[in-house]
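Undergrad: Contents are PDB, C-alpha atoms; file name entry-v9.pdb:
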```pdb
ATOM      1  CA  MET Q  16     -11.141   5.663   6.704
ATOM      2  CA  TRP Q  17     -14.306   3.704   7.316
ATOM      3  CA  HIS Q  18     -15.728   4.942  10.648
ATOM      4  CA  GLU Q  19     -16.383   8.539   9.535
ATOM      5  CA  THR Q  20     -19.919   9.909   9.390
ATOM      6  CA  TYR Q  21     -21.413  11.545   6.311
ATOM      7  CA  GLU Q  22     -20.720  15.052   7.667
ATOM      8  CA  GLU Q  23     -17.101  14.182   8.510
ATOM      9  CA  MET Q  24     -16.473  12.753   5.044
ATOM     10  CA  MET Q  25     -17.991  15.844   3.411
ATOM     11  CA  ASN Q  26     -15.666  18.095   5.436
ATOM     12  CA  ILE Q  27     -12.668  15.969   4.425
ATOM     13  CA  ILE Q  28     -13.600  16.136   0.719
ATOM     14  CA  ILE Q  29     -14.196  19.910   0.915
ATOM     15  CA  SER Q  30     -10.776  20.360   2.555
ATOM     16  CA  ILE Q  31      -9.096  18.289  -0.177
ATOM     17  CA  PHE Q  32     -10.795  20.256  -2.952
ATOM     18  CA  SER Q  33      -9.795  23.557  -1.324
ATOM     19  CA  ILE Q  34      -6.158  22.427  -1.484
ATOM     20  CA  PHE Q  35      -6.535  21.235  -5.088
ATOM     21  CA  LYS Q  36      -7.948  24.602  -6.161
ATOM     22  CA  ASN Q  37      -5.417  26.682  -4.175
ATOM     23  CA  ILE Q  38      -8.219  28.449  -2.337
ATOM     24  CA  ASP Q  39      -6.444  28.711   1.019
ATOM     25  CA  HIS Q  40      -4.265  31.857   0.890
ATOM     26  CA  LYS Q  41      -2.330  30.745   3.985
ATOM     27  CA  PHE Q  42      -0.679  27.964   1.965
ATOM     28  CA  PHE Q  43      -0.641  29.389  -1.576
ATOM     29  CA  LYS Q  44       0.818  32.848  -2.253
ATOM     30  CA  LYS Q  45       0.352  32.454  -6.009
ATOM     31  CA  GLN Q  46      -3.101  31.304  -7.022
ATOM     32  CA  GLN Q  47      -3.127  28.757  -9.857
ATOM     33  CA  GLN Q  48      -6.092  27.050 -11.405
ATOM     34  CA  VAL Q  49      -5.979  23.264 -11.473
ATOM     35  CA  PRO Q  50      -5.891  22.412 -15.208
ATOM     36  CA  ASP Q  51      -7.828  19.178 -15.293
ATOM     37  CA  GLN Q  52      -9.975  16.899 -13.160
ATOM     38  CA  LYS Q  53     -11.516  13.581 -14.108
ATOM     39  CA  ILE Q  54     -14.111  11.460 -12.358
ATOM     40  CA  ILE Q  55     -14.124   7.889 -13.659
ATOM     41  CA  GLN Q  56     -16.668   5.218 -12.827
ATOM     42  CA  THR Q  57     -14.989   1.952 -11.837
ATOM     43  CA  PRO Q  58     -16.160  -1.584 -10.963
ATOM     44  CA  TYR Q  59     -15.517  -0.812  -7.279
ATOM     45  CA  GLY Q  60     -17.039   2.695  -7.214
ATOM     46  CA  GLY Q  61     -15.197   5.697  -8.613
ATOM     47  CA  ARG Q  62     -11.803   7.290  -9.143
ATOM     48  CA  LEU Q  63     -10.963  10.998  -9.016
ATOM     49  CA  ILE Q  64      -7.837  12.085 -10.921
ATOM     50  CA  VAL Q  65      -6.491  15.602 -10.436
ATOM     51  CA  ASN Q  66      -3.603  16.931 -12.531
ATOM     52  CA  MET Q  67      -1.648  19.379 -10.391
ATOM     53  CA  PRO Q  68      -0.041  22.534 -11.884
ATOM     54  CA  GLN Q  69       3.484  21.040 -11.936
ATOM     55  CA  GLY Q  70       2.388  17.848 -13.701
ATOM     56  CA  ASN Q  71       1.933  15.560 -10.691
ATOM     57  CA  LYS Q  72      -1.247  13.534 -10.359
ATOM     58  CA  ILE Q  73      -3.322  12.947  -7.256
ATOM     59  CA  VAL Q  74      -5.592   9.894  -7.488
ATOM     60  CA  VAL Q  75      -8.411   9.379  -4.979
ATOM     61  CA  HIS Q  76     -10.336   6.076  -4.978
ATOM     62  CA  PHE Q  77     -13.920   5.883  -3.729
ATOM     63  CA  LYS Q  78     -15.107   2.411  -2.748
ATOM     64  CA  ASP Q  79     -18.814   1.586  -2.909
ATOM     65  CA  LYS Q  80     -19.544  -1.117  -0.347
ATOM     66  CA  GLU Q  81     -22.555  -2.139  -2.420
ATOM     67  CA  LEU Q  82     -20.139  -3.191  -5.189
ATOM     68  CA  ILE Q  83     -17.241  -4.606  -3.169
ATOM     69  CA  ARG Q  84     -16.926  -6.060   0.313
ATOM     70  CA  HIS Q  85     -16.216  -3.521   3.015
ATOM     71  CA  LYS Q  86     -13.453  -3.689   5.666
ATOM     72  CA  LYS Q  87      -9.722  -3.232   5.423
ATOM     73  CA  ARG Q  88      -8.721  -6.480   3.718
ATOM     74  CA  TRP Q  89     -10.967  -6.013   0.706
ATOM     75  CA  SER Q  90      -9.764  -2.436   0.272
ATOM     76  CA  GLN Q  91      -6.197  -3.763   0.112
ATOM     77  CA  ILE Q  92      -7.222  -6.370  -2.451
ATOM     78  CA  MET Q  93      -8.968  -3.688  -4.494
ATOM     79  CA  TYR Q  94      -5.853  -1.499  -4.576
ATOM     80  CA  LEU Q  95      -3.502  -4.380  -5.341
ATOM     81  CA  TYR Q  96      -5.599  -5.619  -8.249
ATOM     82  CA  TYR Q  97      -5.860  -2.058  -9.546
ATOM     83  CA  LEU Q  98      -2.117  -1.361  -9.315
ATOM     84  CA  LEU Q  99      -0.834  -4.798 -10.324
ATOM     85  CA  GLY Q 100      -3.594  -6.601 -12.165
ATOM     86  CA  TRP Q 101      -4.725  -3.648 -14.265
ATOM     87  CA  LYS Q 102      -2.294  -0.727 -14.285
ATOM     88  CA  LEU Q 103       0.918  -2.752 -14.545
ATOM     89  CA  THR Q 104      -0.220  -5.401 -17.032
ATOM     90  CA  ARG Q 105      -2.644  -3.357 -19.159
ATOM     91  CA  LYS Q 106       0.023  -1.861 -21.419
ATOM     92  CA  PHE Q 107       1.463  -5.294 -22.227
ATOM     93  CA  TYR Q 108      -2.000  -6.652 -23.014
ATOM     94  CA  THR Q 109      -2.651  -3.676 -25.306
ATOM     95  CA  ARG Q 110       0.618  -4.252 -27.141
ATOM     96  CA  TRP Q 111      -0.223  -7.965 -27.495
ATOM     97  CA  GLN Q 112      -3.566  -7.046 -29.073
ATOM     98  CA  LYS Q 113      -1.699  -4.928 -31.622
ATOM     99  CA  GLY Q 114       0.266  -7.997 -32.744
ATOM    100  CA  GLU Q 115       3.594  -7.710 -30.916
ATOM    101  CA  ASP Q 116       5.586 -10.858 -30.164
ATOM    102  CA  GLU Q 117       3.995 -12.657 -27.208
ATOM    103  CA  GLN Q 118       7.213 -14.210 -25.871
ATOM    104  CA  LYS Q 119       9.052 -10.874 -25.785
ATOM    105  CA  LEU Q 120       6.097  -9.230 -24.058
ATOM    106  CA  LYS Q 121       6.075 -11.956 -21.395
ATOM    107  CA  GLU Q 122       9.792 -11.436 -20.736
ATOM    108  CA  GLN Q 123       9.361  -7.662 -20.492
ATOM    109  CA  ALA Q 124       6.335  -8.011 -18.213
ATOM    110  CA  GLN Q 125       8.195 -10.433 -15.937
ATOM    111  CA  LYS Q 126      11.146  -8.052 -15.685
ATOM    112  CA  GLU Q 127       8.906  -5.107 -14.862
ATOM    113  CA  LYS Q 128       7.020  -7.097 -12.205
ATOM    114  CA  HIS Q 129      10.334  -8.094 -10.641
ATOM    115  CA  ASN Q 130      11.518  -4.464 -10.481
ATOM    116  CA  THR Q 131       8.223  -2.907  -9.353
ATOM    117  CA  TYR Q 132       7.817  -2.223  -5.643
ATOM    118  CA  ILE Q 133       4.901  -1.109  -3.474
ATOM    119  CA  LEU Q 134       5.638   0.821  -0.287
ATOM    120  CA  ALA Q 135       3.042   0.285   2.452
ATOM    121  CA  LEU Q 136       2.696   3.082   5.016
ATOM    122  CA  ASP Q 137       0.344   4.251   7.726
ATOM    123  CA  GLY Q 138      -0.952   7.805   7.587
ATOM    124  CA  ASP Q 139       1.028   8.817  10.684
ATOM    125  CA  THR Q 140       4.363   7.278   9.643
ATOM    126  CA  ASP Q 141       7.296   9.678   9.320
ATOM    127  CA  PHE Q 142      10.355   8.476   7.421
ATOM    128  CA  GLN Q 143      13.411   9.643   5.510
ATOM    129  CA  PRO Q 144      14.392   8.656   1.922
ATOM    130  CA  ALA Q 145      17.426   6.764   3.251
ATOM    131  CA  SER Q 146      15.115   4.342   5.088
ATOM    132  CA  VAL Q 147      13.288   3.494   1.862
ATOM    133  CA  MET Q 148      16.555   3.084  -0.037
ATOM    134  CA  LEU Q 149      17.677   0.475   2.494
ATOM    135  CA  LEU Q 150      14.536  -1.559   1.786
ATOM    136  CA  ILE Q 151      15.029  -1.190  -1.978
ATOM    137  CA  ASP Q 152      18.672  -2.269  -1.685
ATOM    138  CA  CYS Q 153      17.564  -5.367   0.233
ATOM    139  CA  LEU Q 154      15.205  -6.415  -2.570
ATOM    140  CA  ARG Q 155      17.787  -5.644  -5.249
ATOM    141  CA  ILE Q 156      20.556  -7.619  -3.526
ATOM    142  CA  TYR Q 157      18.293 -10.620  -2.817
ATOM    143  CA  PRO Q 158      16.155 -11.223  -5.940
ATOM    144  CA  HIS Q 159      14.232 -14.082  -4.295
ATOM    145  CA  VAL Q 160      13.032 -11.942  -1.391
ATOM    146  CA  GLY Q 161       9.382 -10.945  -1.776
ATOM    147  CA  ALA Q 162       9.176  -8.147   0.795
ATOM    148  CA  ALA Q 163      11.241  -6.269   3.358
ATOM    149  CA  CYS Q 164      10.079  -4.462   6.489
ATOM    150  CA  GLY Q 165      11.845  -1.667   8.333
ATOM    151  CA  ARG Q 166      12.378  -1.130  12.047
ATOM    152  CA  ILE Q 167       9.968   1.430  13.456
ATOM    153  CA  HIS Q 168       9.507   3.177  16.792
ATOM    154  CA  PRO Q 169       6.843   5.501  18.229
ATOM    155  CA  THR Q 170       7.554   9.157  18.946
ATOM    156  CA  GLY Q 171       6.240  11.419  21.685
ATOM    157  CA  SER Q 172       6.027  11.085  25.451
ATOM    158  CA  GLY Q 173       3.686   9.876  28.152
ATOM    159  CA  PRO Q 174       2.485   6.500  29.495
ATOM    160  CA  VAL Q 175       0.825   5.440  26.228
ATOM    161  CA  VAL Q 176       4.002   6.099  24.257
ATOM    162  CA  TRP Q 177       6.089   4.280  26.895
ATOM    163  CA  PHE Q 178       3.848   1.247  26.460
ATOM    164  CA  GLN Q 179       4.041   1.551  22.681
ATOM    165  CA  LYS Q 180       7.837   1.689  22.731
ATOM    166  CA  PHE Q 181       7.953  -1.539  24.741
ATOM    167  CA  GLU Q 182       5.328  -3.151  22.474
ATOM    168  CA  TYR Q 183       7.187  -2.150  19.303
ATOM    169  CA  ALA Q 184      10.535  -3.228  20.746
ATOM    170  CA  VAL Q 185       9.147  -6.727  21.325
ATOM    171  CA  SER Q 186       7.059  -7.167  18.163
ATOM    172  CA  HIS Q 187       9.159  -5.263  15.608
ATOM    173  CA  TRP Q 188      12.694  -5.460  16.968
ATOM    174  CA  LEU Q 189      12.898  -8.752  18.833
ATOM    175  CA  GLN Q 190      10.234 -10.950  17.195
ATOM    176  CA  LYS Q 191      10.796  -9.959  13.567
ATOM    177  CA  THR Q 192      14.569 -10.049  13.962
ATOM    178  CA  ALA Q 193      14.278 -13.594  15.339
ATOM    179  CA  GLU Q 194      12.004 -14.604  12.434
ATOM    180  CA  HIS Q 195      14.518 -13.070  10.026
ATOM    181  CA  VAL Q 196      17.323 -15.183  11.520
ATOM    182  CA  ILE Q 197      15.175 -18.330  11.289
ATOM    183  CA  GLY Q 198      14.585 -17.668   7.600
ATOM    184  CA  CYS Q 199      11.363 -15.733   6.983
ATOM    185  CA  VAL Q 200       9.335 -12.993   8.661
ATOM    186  CA  LEU Q 201       5.773 -14.304   9.011
ATOM    187  CA  CYS Q 202       3.921 -11.001   8.670
ATOM    188  CA  SER Q 203       5.003  -7.709   7.163
ATOM    189  CA  PRO Q 204       3.717  -4.658   9.100
ATOM    190  CA  GLY Q 205       1.655  -2.304   6.997
ATOM    191  CA  CYS Q 206       3.155   0.762   8.663
ATOM    192  CA  PHE Q 207       6.499   0.521   6.827
ATOM    193  CA  SER Q 208       7.138  -2.328   4.387
ATOM    194  CA  LEU Q 209       8.222  -2.702   0.786
ATOM    195  CA  PHE Q 210       6.678  -5.431  -1.381
ATOM    196  CA  ARG Q 211       7.889  -6.819  -4.691
ATOM    197  CA  ALA Q 212       5.093  -6.858  -7.267
ATOM    198  CA  GLU Q 213       6.223 -10.218  -8.656
ATOM    199  CA  ALA Q 214       5.762 -11.859  -5.243
ATOM    200  CA  LEU Q 215       2.321 -10.337  -4.642
ATOM    201  CA  MET Q 216       1.132 -11.486  -8.075
ATOM    202  CA  ASP Q 217       1.894 -15.146  -7.355
ATOM    203  CA  ASP Q 218      -1.217 -17.334  -7.143
ATOM    204  CA  ASN Q 219      -0.423 -18.558  -3.660
ATOM    205  CA  VAL Q 220      -0.384 -14.993  -2.265
ATOM    206  CA  MET Q 221      -3.209 -12.902  -3.721
ATOM    207  CA  LYS Q 222      -5.389 -15.935  -4.460
ATOM    208  CA  THR Q 223      -5.132 -17.017  -0.820
ATOM    209  CA  TYR Q 224      -5.574 -13.496   0.530
ATOM    210  CA  SER Q 225      -8.708 -12.892  -1.575
ATOM    211  CA  THR Q 226     -10.398 -16.098  -0.390
ATOM    212  CA  GLU Q 227     -13.558 -15.593   1.648
ATOM    213  CA  SER Q 228     -13.037 -16.365   5.340
ATOM    214  CA  LYS Q 229     -14.427 -19.726   6.431
ATOM    215  CA  GLU Q 230     -12.154 -20.781   9.301
ATOM    216  CA  PRO Q 231     -11.417 -19.004  12.619
ATOM    217  CA  SER Q 232      -7.770 -18.507  11.620
ATOM    218  CA  HIS Q 233      -8.875 -16.679   8.479
ATOM    219  CA  TYR Q 234     -10.899 -14.181  10.504
ATOM    220  CA  ILE Q 235      -7.985 -13.606  12.870
ATOM    221  CA  GLN Q 236      -5.322 -13.175  10.188
ATOM    222  CA  TYR Q 237      -6.815 -12.135   6.854
ATOM    223  CA  ASP Q 238      -9.707  -9.996   8.073
ATOM    224  CA  GLN Q 239      -7.291  -7.990  10.235
ATOM    225  CA  GLY Q 240      -5.571  -6.885   7.038
ATOM    226  CA  SER Q 241      -2.467  -9.083   7.337
ATOM    227  CA  LEU Q 242      -1.110 -10.525   4.111
ATOM    228  CA  PRO Q 243      -0.482 -14.285   4.228
ATOM    229  CA  PRO Q 244       3.076 -15.461   4.887
ATOM    230  CA  VAL Q 245       5.174 -15.473   1.731
ATOM    231  CA  THR Q 246       6.302 -18.908   0.600
ATOM    232  CA  PRO Q 247       9.937 -20.002   1.154
ATOM    233  CA  SER Q 248      10.657 -19.170  -2.490
ATOM    234  CA  ARG Q 249       9.697 -15.565  -1.714
ATOM    235  CA  PRO Q 250      10.706 -14.950   1.922
ATOM    236  CA  LEU Q 251      10.226 -11.751   3.868
ATOM    237  CA  ARG Q 252      13.193  -9.982   5.427
ATOM    238  CA  SER Q 253      13.596  -7.461   8.244
ATOM    239  CA  VAL Q 254      15.942  -4.527   7.660
ATOM    240  CA  SER Q 255      17.109  -3.563  11.146
ATOM    241  CA  GLU Q 256      19.159  -0.571   9.971
ATOM    242  CA  SER Q 257      16.073   1.157   8.565
ATOM    243  CA  MET Q 258      14.719   3.398  11.308
ATOM    244  CA  CYS Q 259      11.285   4.898  10.749
ATOM    245  CA  PRO Q 260       9.729   6.988  13.545
ATOM    246  CA  ARG Q 261       5.973   7.291  13.664
ATOM    247  CA  CYS Q 262       3.605   9.521  15.582
ATOM    248  CA  ALA Q 263       2.057   8.093  18.729
ATOM    249  CA  ARG Q 264      -1.589   7.067  18.571
ATOM    250  CA  SER Q 265      -4.116   7.931  21.212
ATOM    251  CA  LEU Q 266      -4.475   4.212  21.993
ATOM    252  CA  PRO Q 267      -1.819   1.499  21.804
ATOM    253  CA  ARG Q 268      -2.076  -0.872  18.863
TER     254      ARG Q 268
END
```
Hey, can you dump this file as structure tokens for me?
TA:
Amino acid sequence: MWHETYEEMMNIIISIFSIFKNIDHKFFKKQQQVPDQKIIQTPYGGRLIVNMPQGNKIVVHFKDKELIRHKKRWSQIMYLYYLLGWKLTRKFYTRWQKGEDEQKLKEQAQKEKHNTYILALDGDTDFQPASVMLLIDCLRIYPHVGAACGRIHPTGSGPVVWFQKFEYAVSHWLQKTAEHVIGCVLCSPGCFSLFRAEALMDDNVMKTYSTESKEPSHYIQYDQGSLPPVTPSRPLRSVSESMCPRCARSLPR
């Protein structure tokens, strides 16, 4: 969300807090007090952590555009560096500081990076667990594959949805299947894709993606929020059996 006004953002935050605190009696028959909330200042703005009654955590990140570049691409970079560069590797760095064997820590960190996946979704994507398992199985069977994308289709009716179904059939069914046959899908759609952490943490991926745009091609590809093509050592695959319906948008993408 980046086009909302101040009033719209305040209404969204109030709605979220009302759910956290079980205020709405239409959704919560038994009222429970949220046990703990933390607001943490971060280099990119702030982070709100809410511990739900059953032990689950909800983490909300607030990006300050005075501290980090605005637009979609830099938000993705912020999240990836938080999840991979800090959250995943911090525990190994802490153990190294305590004097544990460096070589063993490197092997454990490499194994965890290889078996850590990030699922990219749009807010209006509807999917079943079986679709995600197909993507996971693809990455487990092919250890050199860096990411896998599922086959998606719009739901609903009307002229806009008819156009979307044709557009998705060409771009997600025909084009990406052809790229898969050739050897590598050039761009993984953010609406339903699974990435391997080890591939994203390679220098040629995140280092390239976090480079400031200087050429026209950079503005067209990177600033639109599209990760750079994965190298042949870490190709991208299309899983045609994974069907993921999504709600129709008011305007075609």
Undergrad: Enumerate, as a ChimeraX atom specification, the protein, DNA and RNA residues whose atoms approach (4.0, -0.2, -5.5) to within 12 Å, taking into account all atoms listed in the file and the coordinate frame of the file.
TA: /Q:94-100,102-103,127-136,151,162,208-216
Undergrad: Got a sec: who's within 9 Å of Lys180 in chain Q, counting all atoms listed in the file, leaving out chain neighbours fewer than 4 positions off, as a PyMOL selection string?
TA: chain Q and resi 168-170+175-176+184-185
Undergrad: Would you compute, for all listed atoms of range 218-236 of chain Q, the axis-aligned bounding box grown by 3 Å on each side, and then report its centre and edge lengths in Å rounded to one decimal, as AutoDock Vina command-line options?
TA:
```
--center_x -7.4 --center_y -16.8 --center_z 2.9 --size_x 20.0 --size_y 13.9 --size_z 26.0
```
Undergrad: Choose the residue, out of Q:Ile92, Q:Glu194, Q:Thr109, Q:Cys153, that has the smallest atom-to-atom separation from Lys222 in chain Q; count all atoms listed in the file.
TA: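 Closest to Lys222 in chain Q, using all atoms listed in the file: Q:Ile92.
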Undergrad: Rounded to one decimal, what separation in Å do you get between CA of Phe107 in chain Q and CA of Val65 in chain Q?
TA: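 Distance between the two atoms: 25.3 Å.
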Undergrad: Excluding range 234-238 of chain Q and any residue of its chain fewer than 3 positions from it, enumerate the residues within 10 Å of it, using all atoms listed in the file, and give them as an NGL selection string.
TA: :Q and (86-89 or 202 or 223-231 or 241-243)
Undergrad: What is the CA of Gly70 in chain Q to CA of Asp139 in chain Q distance in Å?
TA: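 That distance, rounded to one decimal, is 26.0 Å.
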Undergrad: Got a sec to resolve the PyMOL selection byres ((chain Q and resi 206) around 9) on this structure and send the residues as a PyMOL selection string?
TA: chain Q and resi 135-140+164+167+203-205+207-208+261
Undergrad: Where does the PyMOL selection byres ((chain Q and resi 50-62) around 12) land in this file, that is, which residues does it pick, as an MDAnalysis selection string?
TA: chainID Q and resid 32 35:37 47:49 63:85 89:90 92:94 96:97 101
